[in-house]
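**Student:** Contents of model_32.cif (mmCIF, C-alpha atoms) are below:
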```
data_my_file
#
loop_
_atom_site.label_atom_id
_atom_site.label_comp_id
_atom_site.auth_asym_id
_atom_site.auth_seq_id
_atom_site.Cartn_x
_atom_site.Cartn_y
_atom_site.Cartn_z
CA MET A 293 -37.83 2.31 18.80
CA VAL A 294 -40.64 3.49 21.06
CA MET A 295 -42.61 0.51 22.33
CA PHE A 296 -45.70 0.23 24.48
CA LEU A 297 -47.75 -2.60 25.91
CA LYS A 298 -51.18 -1.05 25.42
CA ILE A 299 -53.83 -1.34 28.11
CA ILE A 300 -57.08 -1.43 26.14
CA GLU A 301 -59.40 -1.84 29.11
CA LYS A 302 -58.94 -2.28 32.86
CA ASP A 303 -61.43 -3.11 35.61
CA LEU A 304 -59.60 -4.28 38.72
CA LYS A 305 -62.84 -4.57 40.69
CA ARG A 306 -63.91 -7.28 38.28
CA GLY A 307 -60.34 -8.56 38.12
CA TYR A 308 -59.49 -8.15 34.46
CA VAL A 309 -57.14 -6.21 32.21
CA LYS A 310 -57.27 -6.30 28.40
CA LEU A 311 -53.89 -5.79 26.76
CA LEU A 312 -52.44 -5.45 23.29
CA PRO A 313 -48.81 -6.63 22.98
CA GLU A 314 -47.00 -4.92 20.13
CA THR A 315 -43.48 -6.36 20.30
CA GLU A 316 -41.59 -9.41 21.52
CA GLU A 317 -40.56 -7.36 24.57
CA ASP A 318 -44.25 -7.11 25.42
CA LEU A 319 -44.51 -10.91 25.26
CA TRP A 320 -41.64 -11.11 27.75
CA ILE A 321 -43.59 -8.85 30.12
CA LEU A 322 -46.73 -10.97 29.74
CA TYR A 323 -44.66 -14.08 30.47
CA ASN A 324 -43.66 -12.52 33.78
CA ILE A 325 -47.13 -11.39 34.86
CA ILE A 326 -49.35 -14.31 33.81
CA THR A 327 -49.33 -17.16 36.33
CA PRO A 328 -50.99 -20.58 36.64
CA GLY A 329 -54.58 -20.19 37.81
CA ASP A 330 -55.17 -16.96 35.87
CA LEU A 331 -57.95 -16.85 33.28
CA ILE A 332 -56.93 -15.82 29.75
CA ASN A 333 -59.36 -14.91 26.99
CA ALA A 334 -58.18 -14.58 23.40
CA LYS A 335 -59.08 -15.44 19.85
CA THR A 336 -57.63 -18.73 18.71
CA THR A 337 -58.27 -21.68 16.39
CA ARG A 338 -59.04 -25.28 17.29
CA ASP A 339 -59.45 -28.54 15.41
CA VAL A 340 -63.15 -29.44 15.35
CA LYS A 341 -64.57 -32.72 14.02
CA PHE A 342 -67.96 -32.43 12.32
CA ARG A 343 -70.16 -35.48 12.85
CA GLU A 344 -72.25 -34.96 9.73
CA SER A 345 -69.33 -35.11 7.31
CA GLY A 346 -66.81 -36.93 9.47
CA SER A 347 -64.25 -34.30 8.50
CA SER A 348 -62.33 -31.93 10.73
CA ARG A 349 -60.97 -28.45 10.27
CA ARG A 350 -59.55 -25.61 12.33
CA VAL A 351 -62.25 -23.23 13.45
CA PRO A 352 -61.61 -19.69 14.74
CA MET A 353 -63.18 -19.03 18.12
CA SER A 354 -62.79 -17.02 21.30
CA LEU A 355 -61.82 -19.14 24.32
CA THR A 356 -61.21 -18.52 27.99
CA ILE A 357 -58.71 -20.90 29.55
CA ARG A 358 -57.47 -21.41 33.08
CA VAL A 359 -53.69 -21.20 32.77
CA GLU A 360 -51.60 -24.24 33.64
CA ARG A 361 -48.26 -23.36 32.06
CA LEU A 362 -46.53 -20.88 29.77
CA GLU A 363 -43.72 -21.29 27.25
CA PHE A 364 -41.61 -18.44 25.92
CA GLN A 365 -38.10 -18.30 24.52
CA PRO A 366 -36.44 -14.85 24.66
CA PHE A 367 -36.24 -13.01 21.34
CA THR A 368 -39.10 -14.97 19.78
CA ASP A 369 -42.46 -13.62 18.71
CA ARG A 370 -44.75 -16.20 20.29
CA LEU A 371 -45.97 -16.80 23.82
CA ARG A 372 -47.68 -20.18 24.28
CA ILE A 373 -50.27 -20.38 27.07
CA ARG A 374 -51.65 -23.83 27.88
CA GLY A 375 -54.65 -24.53 30.08
CA VAL A 376 -58.16 -25.92 30.41
CA VAL A 377 -61.06 -24.28 28.57
CA VAL A 378 -63.60 -22.76 30.97
CA GLU A 379 -65.60 -20.76 28.40
CA GLY A 380 -66.12 -21.32 24.71
CA PRO A 381 -68.76 -21.94 22.01
CA GLU A 382 -71.18 -24.58 23.30
CA GLU A 383 -71.70 -26.13 19.85
CA PHE A 384 -68.09 -27.29 19.68
CA GLY A 385 -67.99 -28.98 23.09
CA VAL A 386 -64.63 -27.52 24.05
CA LYS A 387 -65.34 -26.75 27.71
CA GLY A 388 -63.16 -28.77 30.06
CA LYS A 389 -60.65 -29.69 27.37
CA HIS A 390 -57.01 -28.63 27.15
CA HIS A 391 -56.04 -25.96 24.69
CA THR A 392 -52.96 -23.87 23.87
CA VAL A 393 -53.36 -20.21 22.93
CA ASN A 394 -50.55 -18.61 20.95
CA ILE A 395 -50.09 -14.91 21.68
CA THR A 396 -48.16 -12.89 19.11
CA PRO A 397 -47.55 -9.14 18.69
CA GLY A 398 -50.74 -7.46 17.56
CA LYS A 399 -53.02 -10.06 19.17
CA PRO A 400 -55.05 -8.75 22.13
CA LEU A 401 -55.83 -10.84 25.19
CA THR A 402 -57.68 -10.39 28.47
CA ILE A 403 -56.11 -11.49 31.75
CA CYS A 404 -58.32 -12.14 34.77
CA LYS A 405 -56.82 -12.65 38.23
CA ASP A 406 -58.43 -13.26 41.60
CA GLN A 407 -56.15 -10.51 42.86
CA TRP A 408 -53.74 -8.20 41.06
CA PRO A 409 -50.54 -7.91 43.14
CA SER A 410 -49.16 -4.40 43.33
CA PHE A 411 -45.80 -5.43 41.87
CA ILE A 412 -47.55 -6.79 38.74
CA LEU A 413 -49.52 -3.56 38.36
CA SER A 414 -46.20 -1.74 38.68
CA GLU A 415 -44.76 -3.90 35.87
CA LEU A 416 -47.73 -2.96 33.69
CA GLU A 417 -47.19 0.73 34.42
CA LYS A 418 -43.52 0.43 33.46
CA ALA A 419 -44.52 -1.45 30.30
CA GLY A 420 -46.49 1.60 29.18
CA LEU A 421 -43.40 3.78 29.32
CA ARG A 422 -40.94 4.45 26.53
CA ARG A 423 -38.54 1.56 26.04
CA GLU A 424 -35.56 1.48 23.73
CA ARG A 425 -33.52 -1.26 22.17
CA LEU A 426 -29.85 -0.79 21.45
CA ILE A 427 -27.43 -2.25 18.94
CA ILE A 428 -23.85 -2.77 20.11
CA VAL A 429 -20.94 -3.24 17.70
CA VAL A 430 -17.59 -4.33 19.13
CA LEU A 431 -14.60 -4.95 16.89
CA ASP A 432 -10.84 -5.12 16.65
CA TYR A 433 -8.47 -6.23 13.89
CA ASP A 434 -9.28 -9.90 14.50
CA GLU A 435 -13.03 -10.16 15.04
CA ALA A 436 -16.30 -8.29 15.39
CA CYS A 437 -19.59 -8.86 17.15
CA ILE A 438 -22.98 -7.20 16.69
CA ALA A 439 -25.53 -7.62 19.50
CA LEU A 440 -29.03 -6.43 20.36
CA LEU A 441 -29.76 -5.26 23.90
CA SER A 442 -33.37 -5.18 25.10
CA GLU A 443 -35.52 -5.93 28.16
CA GLN A 444 -35.07 -9.62 27.39
CA GLY A 445 -31.30 -9.41 27.67
CA ILE A 446 -28.58 -9.66 25.04
CA LYS A 447 -28.94 -11.38 21.68
CA ILE A 448 -25.91 -11.93 19.45
CA LEU A 449 -26.92 -10.94 15.92
CA GLY A 450 -23.64 -11.74 14.18
CA GLU A 451 -20.02 -12.77 14.74
CA TYR A 452 -17.32 -12.05 12.15
CA ASN A 453 -13.65 -12.91 11.65
CA SER A 454 -11.54 -10.33 9.82
CA GLY A 455 -9.20 -12.80 8.08
CA LEU A 456 -6.58 -10.06 7.96
CA PRO A 457 -3.02 -11.04 7.06
CA GLY A 458 0.04 -9.77 8.91
CA LYS A 459 1.05 -6.15 8.41
CA ASN A 460 4.10 -7.32 6.50
CA GLU A 461 1.76 -7.45 3.49
CA PRO A 462 0.63 -3.82 3.59
CA GLU A 463 -1.29 -3.69 0.29
CA LYS A 464 -3.23 -6.88 0.98
CA PHE A 465 -3.78 -5.85 4.59
CA THR A 466 -5.25 -2.47 3.61
CA SER A 467 -7.53 -3.99 0.97
CA LEU A 468 -8.88 -6.70 3.26
CA LEU A 469 -9.26 -4.23 6.15
CA ASN A 470 -11.45 -2.02 3.96
CA ASP A 471 -13.54 -5.06 2.98
CA TYR A 472 -13.87 -6.05 6.65
CA LEU A 473 -14.96 -2.56 7.76
CA THR A 474 -17.41 -2.33 4.85
CA LYS A 475 -18.96 -5.66 5.79
CA ILE A 476 -19.37 -4.67 9.44
CA SER A 477 -20.88 -1.33 8.40
CA ASN A 478 -23.31 -3.03 5.99
CA GLU A 479 -24.34 -5.59 8.61
CA THR A 480 -24.85 -2.88 11.21
CA VAL A 481 -27.07 -0.80 8.91
CA GLY A 482 -29.08 -3.90 8.05
CA PHE A 483 -29.69 -4.73 11.71
CA ILE A 484 -30.59 -1.11 12.48
CA GLU A 485 -33.29 -1.21 9.80
CA LYS A 486 -34.51 -4.68 10.79
CA HIS A 487 -34.89 -3.92 14.50
CA GLY A 488 -35.84 -0.26 14.19
CA VAL A 489 -33.31 0.95 16.75
CA LYS A 490 -32.32 4.58 17.24
CA ILE A 491 -29.27 4.13 19.46
CA VAL A 492 -26.05 2.37 18.43
CA VAL A 493 -22.91 1.92 20.48
CA ILE A 494 -19.75 1.15 18.50
CA ALA A 495 -16.56 0.30 20.38
CA SER A 496 -13.06 -0.87 19.58
CA PRO A 497 -9.44 -0.47 20.54
CA GLY A 498 -7.99 2.36 18.43
CA ASP A 499 -9.94 4.18 15.72
CA LEU A 500 -11.85 1.32 14.03
CA ALA A 501 -15.04 2.25 15.87
CA ARG A 502 -14.89 5.80 14.56
CA LYS A 503 -14.55 4.56 10.97
CA ILE A 504 -17.59 2.32 11.35
CA ALA A 505 -19.55 5.12 13.04
CA ASP A 506 -18.82 7.59 10.22
CA ASN A 507 -19.94 5.06 7.61
CA VAL A 508 -23.12 4.09 9.46
CA LYS A 509 -24.07 7.69 10.27
CA SER A 510 -23.79 8.72 6.62
CA ARG A 511 -26.32 6.02 5.66
CA SER A 512 -28.83 6.10 8.52
CA LYS A 513 -30.80 9.17 9.57
CA GLY A 514 -31.90 10.02 13.09
CA LEU A 515 -29.39 7.77 14.84
CA ASP A 516 -27.76 8.45 18.15
CA ILE A 517 -24.32 6.87 17.73
CA ILE A 518 -22.06 6.48 20.75
CA VAL A 519 -18.40 5.72 20.08
CA ASP A 520 -16.45 4.13 22.91
CA SER A 521 -13.27 2.15 23.48
CA VAL A 522 -12.72 -1.42 24.68
CA SER A 523 -9.66 -3.55 25.30
CA ILE A 524 -10.84 -6.41 23.07
CA GLY A 525 -13.16 -6.87 20.12
CA GLY A 526 -15.71 -9.56 19.34
CA CYS A 527 -18.39 -10.90 21.65
CA ASN A 528 -15.98 -10.99 24.59
CA GLY A 529 -15.96 -7.20 24.40
CA VAL A 530 -19.75 -6.83 24.62
CA ASN A 531 -19.83 -7.30 28.40
CA GLU A 532 -17.07 -4.71 28.73
CA VAL A 533 -19.18 -2.23 26.75
CA LEU A 534 -22.22 -2.87 28.95
CA LYS A 535 -20.25 -1.67 31.97
CA ARG A 536 -19.35 1.64 30.35
CA ASP A 537 -21.07 4.81 31.55
CA SER A 538 -21.97 5.78 27.98
CA VAL A 539 -24.27 2.79 27.62
CA LYS A 540 -25.69 3.14 31.11
CA ARG A 541 -26.63 6.76 30.46
CA ALA A 542 -28.21 5.89 27.12
CA LEU A 543 -30.35 3.06 28.44
CA ARG A 544 -31.03 3.45 32.13
CA GLU A 545 -34.56 2.14 31.66
CA ILE A 546 -33.47 -1.27 30.39
CA SER A 547 -33.69 -3.64 33.32
CA ILE A 548 -30.56 -5.66 32.53
CA ILE A 549 -28.41 -2.52 32.66
CA HIS A 550 -29.90 -1.45 35.98
CA ALA A 551 -29.62 -5.00 37.33
CA ARG A 552 -25.93 -5.02 36.47
CA ASP A 553 -25.42 -1.77 38.41
CA CYS A 554 -27.27 -3.20 41.41
CA LEU A 555 -25.20 -6.37 41.32
CA GLU A 556 -21.96 -4.37 41.30
CA GLU A 557 -23.22 -2.27 44.22
CA PHE A 558 -24.25 -5.46 46.04
CA LYS A 559 -20.78 -7.00 45.62
CA LYS A 560 -19.11 -3.88 47.02
CA TYR A 561 -21.31 -3.98 50.11
CA LEU A 562 -20.68 -7.73 50.42
CA VAL A 563 -17.03 -6.92 51.12
CA LYS A 564 -17.28 -3.56 52.87
CA ASN A 565 -20.61 -3.59 54.71
CA PRO A 566 -22.60 -6.86 54.48
CA LEU A 567 -25.29 -5.52 56.79
CA LEU A 568 -26.45 -3.33 53.87
CA ILE A 569 -27.35 -6.34 51.68
CA ALA A 570 -29.41 -9.51 51.80
CA TYR A 571 -29.41 -12.55 49.53
CA GLY A 572 -31.30 -15.80 49.29
CA LEU A 573 -35.06 -16.00 49.73
CA ASP A 574 -35.09 -16.22 53.53
CA GLU A 575 -32.80 -13.24 54.09
CA VAL A 576 -34.60 -11.06 51.54
CA GLU A 577 -37.99 -11.97 53.03
CA TYR A 578 -36.76 -10.91 56.45
CA ALA A 579 -35.39 -7.65 55.05
CA VAL A 580 -38.67 -6.89 53.26
CA ARG A 581 -40.69 -7.51 56.44
CA SER A 582 -38.30 -5.15 58.22
CA ASN A 583 -39.01 -2.45 55.61
CA ALA A 584 -35.29 -2.36 54.86
CA VAL A 585 -35.21 -3.16 51.12
CA GLU A 586 -34.45 -0.36 48.69
CA LYS A 587 -33.71 -2.46 45.58
CA LEU A 588 -34.59 -6.09 44.93
CA VAL A 589 -33.15 -8.08 42.01
CA ILE A 590 -34.72 -11.46 41.25
CA ALA A 591 -34.18 -14.14 38.59
CA THR A 592 -37.15 -14.92 36.39
CA ASP A 593 -36.97 -18.57 37.54
CA TYR A 594 -38.67 -17.61 40.79
CA LEU A 595 -41.71 -16.30 38.92
CA ARG A 596 -41.88 -19.32 36.64
CA THR A 597 -41.44 -22.13 39.17
CA TYR A 598 -44.11 -24.85 39.01
CA ASP A 599 -43.92 -25.28 42.78
CA GLU A 600 -47.20 -23.60 43.71
CA SER A 601 -46.25 -22.97 47.34
CA MET A 602 -42.91 -21.45 46.31
CA ARG A 603 -44.55 -19.29 43.67
CA LYS A 604 -47.13 -18.03 46.17
CA ARG A 605 -44.36 -17.27 48.64
CA VAL A 606 -42.42 -15.30 46.03
CA TYR A 607 -45.47 -13.35 44.87
CA ASN A 608 -46.32 -12.44 48.45
CA LEU A 609 -42.73 -11.29 48.91
CA LEU A 610 -42.72 -9.15 45.75
CA ASN A 611 -46.15 -7.74 46.52
CA GLU A 612 -45.00 -6.71 50.00
CA ALA A 613 -41.75 -5.27 48.62
CA SER A 614 -43.70 -3.22 46.09
CA ARG A 615 -46.14 -2.04 48.77
CA ARG A 616 -43.15 -0.85 50.80
CA ARG A 617 -41.84 1.01 47.71
CA ALA A 618 -38.85 -1.20 46.99
CA GLU A 619 -37.62 -1.17 43.41
CA ILE A 620 -38.01 -4.61 41.80
CA ILE A 621 -35.89 -5.77 38.85
CA ILE A 622 -36.57 -9.09 37.09
CA VAL A 623 -33.55 -10.65 35.37
CA PRO A 624 -34.03 -12.97 32.36
CA ARG A 625 -31.90 -16.00 31.62
CA GLY A 626 -29.04 -16.05 29.14
CA ASN A 627 -26.70 -13.32 30.39
CA ASP A 628 -23.80 -12.91 32.81
CA VAL A 629 -25.94 -10.98 35.33
CA TYR A 630 -28.30 -13.93 35.60
CA ILE A 631 -25.40 -16.36 36.11
CA GLU A 632 -23.92 -14.25 38.91
CA LEU A 633 -27.33 -13.69 40.46
CA MET A 634 -27.99 -17.44 40.64
CA GLY A 635 -24.71 -17.76 42.55
CA PHE A 636 -26.40 -15.72 45.32
CA GLY A 637 -29.55 -17.83 45.36
CA GLY A 638 -31.31 -16.04 42.50
CA ILE A 639 -32.41 -13.08 44.62
CA ILE A 640 -30.51 -10.17 46.20
CA ALA A 641 -31.44 -6.93 47.91
CA ILE A 642 -29.72 -3.65 48.67
CA LEU A 643 -30.95 -2.23 51.95
CA ARG A 644 -31.92 1.22 53.13
CA TYR A 645 -30.14 0.79 56.44
CA PRO A 646 -27.84 -1.80 58.10
CA LEU A 647 -29.84 -4.81 59.27
CA SER A 648 -28.74 -7.66 61.52
CA ARG A 649 -30.46 -10.97 60.66
CA PRO A 650 -31.10 -14.23 62.46
CA THR A 651 -28.46 -16.90 61.72
CA ASP A 652 -30.82 -19.86 61.28
CA PHE A 653 -31.98 -19.19 57.70
CA SER A 654 -32.41 -22.35 55.65
CA GLY A 655 -31.27 -20.64 52.44
CA ASP A 656 -34.20 -21.76 50.28
CA SER A 657 -33.80 -21.06 46.58
CA VAL A 658 -35.47 -21.98 43.32
#
```
In structure tokens, what does this structure look like?

**Tutor:**
Amino acid sequence: MVMFLKIIEKDLKRGYVKLLPETEEDLWILYNIITPGDLINAKTTRDVKFRESGSSRRVPMSLTIRVERLEFQPFTDRLRIRGVVVEGPEEFGVKGKHHTVNITPGKPLTICKDQWPSFILSELEKAGLRRERLIIVVLDYDEACIALLSEQGIKILGEYNSGLPGKNEPEKFTSLLNDYLTKISNETVGFIEKHGVKIVVIASPGDLARKIADNVKSRSKGLDIIVDSVSIGGCNGVNEVLKRDSVKRALREISIIHARDCLEEFKKYLVKNPLLIAYGLDEVEYAVRSNAVEKLVIATDYLRTYDESMRKRVYNLLNEASRRRAEIIIVPRGNDVYIELMGFGGIIAILRYPLSRPTDFSGDSV
């Protein structure tokens, strides 16, 4: 599916950008670029009590709020932005009161910042590019897993047990195997239609993947189906598939895939040439100031911390890294890359050249 976060209007001199999110991936991007202190304008509804009748009802209105906090769960279609109303209809007396604006796909909003950091503008530019989602099917004779891969990470759509008997009951085994493959094929086609994907990776030990691929291809037009092999089926095999070159080639633009590549490169340098990497906030800051950072991978926690001084420090770091043309990759929660990344302080960098660092870093992290 081709997806774009539309920029309706932009005036950086006046500090605002008006955007139209179209998908849940767009909400994830907004979650990463909106910060406490920003002004957000959007249409919303609010309970209003009418003195004349003593009754209350929800009234549609356009409000501008100063952001205090955001709430977003990956793979949901709602971004909740809470703050204090700074502009609104005078007759309803809402100014100065708290309000929560719910942003959903198809609902425009205007973001106003005192200053637009270059790395956030870069994220907006990337958001306007073509982005794909991918369905992954991994199966063996015991179990199957169907997952969705997107900018937000990996979402398990379904897990299935085959219930196959031993091969000493050949007739029953063949019948139940056909039922199992039919079910996985039907589920895959259903998820393809639901999520509007155009790329599907199907993997298994042996030839089960090919059988599913043939069935799915005969029922879905315009699909790019990649058949690959894995050592194990089910959800344990999904991570194995994500490391395969076939998936990497298909979806280089998805951040989680690129982040995984960077993490593997980082771990190799950690053993062979540690002067070509940095990790932890202090080390990465030093490397950025030294103009040494080529790629920077950071956990989303750093952008969402409620520690204002820490958040300012991180934004200054990312802004400087972007200004010095470092590639920045933001990693969401809920995947193995995030877990490994947090083991290195939530932020790593691959350097352009070997860099010796001071030894008195405090190792600050989120």

**Student:** Hey, can you check how far CA of Asp593 (chain A) sits from CA of Ile548 (chain A)?

**Tutor:**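 Distance between the two atoms: 15.3 Å.
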
**Student:** Kindly give the distance, in Å, that separates CA of Thr392 (chain A) and CA of Pro409 (chain A), rounded to a single decimal.

**Tutor:**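 Spanning CA of Thr392 (chain A) to CA of Pro409 (chain A) is a straight-line distance of 25.1 Å.
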
**Student:** Quick one: which residues end up in the PyMOL selection byres ((chain A and resi 551-558) around 7) for this structure, as a list in words?

**Tutor:**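 Applying the expression gives Ser547, Ile548, Ile549, His550, Lys559, Lys560, Tyr561, Leu562, Ile569, Val589, Ile621, Val629 and Ile642 of chain A.
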
**Student:** Would you kindly return, as a list in words, each protein, DNA or RNA residue with an atom no farther than 10 Å from any atom of Asn608 (chain A), considering only C-alpha atoms and excluding same-chain residues fewer than 3 positions away?

**Tutor:**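 Using only C-alpha atoms, the neighbours found are Pro409, Ser410, Phe411, Glu577, Met602, Arg603, Lys604, Arg605, Asn611, Glu612, Ala613 and Ser614 of chain A.
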
**Student:** Tell me which protein, DNA and RNA residues are within 8 Å of Ala591 (chain A), counting only C-alpha atoms, leaving out same-chain ones fewer than 4 positions away, and put them as a VMD selection string.

**Tutor:** chain A and resid 595 622 to 625 630 633 to 634 638 to 639

**Student:** Mind telling me what the PyMOL selection byres ((chain A and resi 336-342) around 9) catches here, as a PyMOL selection string?

**Tutor:** chain A and resi 334-335+343-355+384+391-395

**Student:** Quick check on the file I pasted: which residues fall under the PyMOL selection byres ((chain A and resi 447) around 10)? Write them as a list in words.

**Tutor:**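 Expected selection for the PyMOL selection byres ((chain A and resi 447) around 10) here is Pro366, Phe367, Ile427, Ile438, Ala439, Leu440, Leu441, Ser442, Gln444, Gly445, Ile446, Ile448, Leu449, Gly450, Gly626 and Asn627 of chain A.
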
**Student:** Produce a file of the selected residues containing C-alpha atoms, as a JSON list (two decimals), keeping the file's coordinate frame.

**Tutor:**
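Resulting contents of again-v1.json:
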```json
[["chain", "number", "residue", "atom", "x", "y", "z"],
["A", 366, "PRO", "CA", -36.44, -14.85, 24.66],
["A", 367, "PHE", "CA", -36.24, -13.01, 21.34],
["A", 427, "ILE", "CA", -27.43, -2.25, 18.94],
["A", 438, "ILE", "CA", -22.98, -7.20, 16.69],
["A", 439, "ALA", "CA", -25.53, -7.62, 19.50],
["A", 440, "LEU", "CA", -29.03, -6.43, 20.36],
["A", 441, "LEU", "CA", -29.76, -5.26, 23.90],
["A", 442, "SER", "CA", -33.37, -5.18, 25.10],
["A", 444, "GLN", "CA", -35.07, -9.62, 27.39],
["A", 445, "GLY", "CA", -31.30, -9.41, 27.67],
["A", 446, "ILE", "CA", -28.58, -9.66, 25.04],
["A", 448, "ILE", "CA", -25.91, -11.93, 19.45],
["A", 449, "LEU", "CA", -26.92, -10.94, 15.92],
["A", 450, "GLY", "CA", -23.64, -11.74, 14.18],
["A", 626, "GLY", "CA", -29.04, -16.05, 29.14],
["A", 627, "ASN", "CA", -26.70, -13.32, 30.39]]
```

**Student:** Identify, on the basis of only C-alpha atoms, every residue whose closest approach to Val492 (chain A) does not exceed 10 Å; exclude the query and any residue fewer than 2 positions from it along the same chain; express the result as a PDB file with C-alpha atoms, in the coordinates of the input.

**Tutor:**
```
ATOM      1  CA  ARG A 425     -33.520  -1.260  22.170  1.00  0.00           C
ATOM      2  CA  LEU A 426     -29.850  -0.790  21.450  1.00  0.00           C
ATOM      3  CA  ILE A 427     -27.430  -2.250  18.940  1.00  0.00           C
ATOM      4  CA  ILE A 428     -23.850  -2.770  20.110  1.00  0.00           C
ATOM      5  CA  VAL A 429     -20.940  -3.240  17.700  1.00  0.00           C
ATOM      6  CA  LEU A 440     -29.030  -6.430  20.360  1.00  0.00           C
ATOM      7  CA  THR A 480     -24.850  -2.880  11.210  1.00  0.00           C
ATOM      8  CA  ILE A 484     -30.590  -1.110  12.480  1.00  0.00           C
ATOM      9  CA  VAL A 489     -33.310   0.950  16.750  1.00  0.00           C
ATOM     10  CA  LYS A 490     -32.320   4.580  17.240  1.00  0.00           C
ATOM     11  CA  ILE A 494     -19.750   1.150  18.500  1.00  0.00           C
ATOM     12  CA  ALA A 495     -16.560   0.300  20.380  1.00  0.00           C
ATOM     13  CA  ALA A 505     -19.550   5.120  13.040  1.00  0.00           C
ATOM     14  CA  VAL A 508     -23.120   4.090   9.460  1.00  0.00           C
ATOM     15  CA  LYS A 509     -24.070   7.690  10.270  1.00  0.00           C
ATOM     16  CA  LEU A 515     -29.390   7.770  14.840  1.00  0.00           C
ATOM     17  CA  ASP A 516     -27.760   8.450  18.150  1.00  0.00           C
ATOM     18  CA  ILE A 517     -24.320   6.870  17.730  1.00  0.00           C
ATOM     19  CA  ILE A 518     -22.060   6.480  20.750  1.00  0.00           C
ATOM     20  CA  VAL A 519     -18.400   5.720  20.080  1.00  0.00           C
ATOM     21  CA  VAL A 539     -24.270   2.790  27.620  1.00  0.00           C
ATOM     22  CA  ALA A 542     -28.210   5.890  27.120  1.00  0.00           C
TER      23      ALA A 542
END
```

**Student:** Figure out the distance between CA of Lys399 (chain A) and CA of Glu316 (chain A), please, to one decimal in Å.

**Tutor:**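 One can read the CA of Glu316 (chain A) to CA of Lys399 (chain A) distance as 11.7 Å.
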
**Student:** Find the residue from A:Gly388, A:Pro566, A:Gly458, A:Gly572 that sits nearest to Tyr645 (chain A); use all atoms listed in the file when measuring.

**Tutor:**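 Using all atoms listed in the file, Tyr645 (chain A) sits closest to A:Pro566.
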
**Student:** Name the closest residue to Lys405 (chain A) among the candidates A:Ala618, A:Val376, A:Leu362, A:Ile332; distances are taken between atoms, counting only C-alpha atoms.

**Tutor:**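 Closest to Lys405 (chain A) of all the choices is A:Ile332.
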
**Student:** Go through A:Asp434, A:Lys503, A:Ala579, A:Gly375 and flag the residue nearest Ile524 (chain A), using only C-alpha atoms for the distances.

**Tutor:**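 Going through A:Asp434, A:Lys503, A:Ala579, A:Gly375 one by one, the smallest distance to Ile524 (chain A) is for A:Asp434.
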
**Student:** Could you check which of A:Val522, A:Leu319, A:Val386, A:Leu610 is closest to Arg370 (chain A), using all atoms listed in the file?

**Tutor:**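 Looking only at the distances to Arg370 (chain A), the closest residue turns out to be A:Leu319.
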
**Student:** Could you list, as an MDAnalysis selection string, every residue within 9 Å of Tyr578 (chain A), counting all atoms listed in the file and ignoring same-chain residues fewer than 5 positions away?

**Tutor:** chainID A and resid 570 573 583:584 649:650

**Student:** Measuring atom to atom with only C-alpha atoms, identify which of A:Ser582, A:Ser601, A:Thr356, A:Ser477 is nearest to Arg616 (chain A).

**Tutor:** A:Ser582

**Student:** Return the single residue from A:Ile373, A:Leu431, A:Leu609, A:Val481 that is closest to Arg511 (chain A), with distances computed using all atoms listed in the file.

**Tutor:**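 Ranked by minimum distance to Arg511 (chain A), first place goes to A:Val481.
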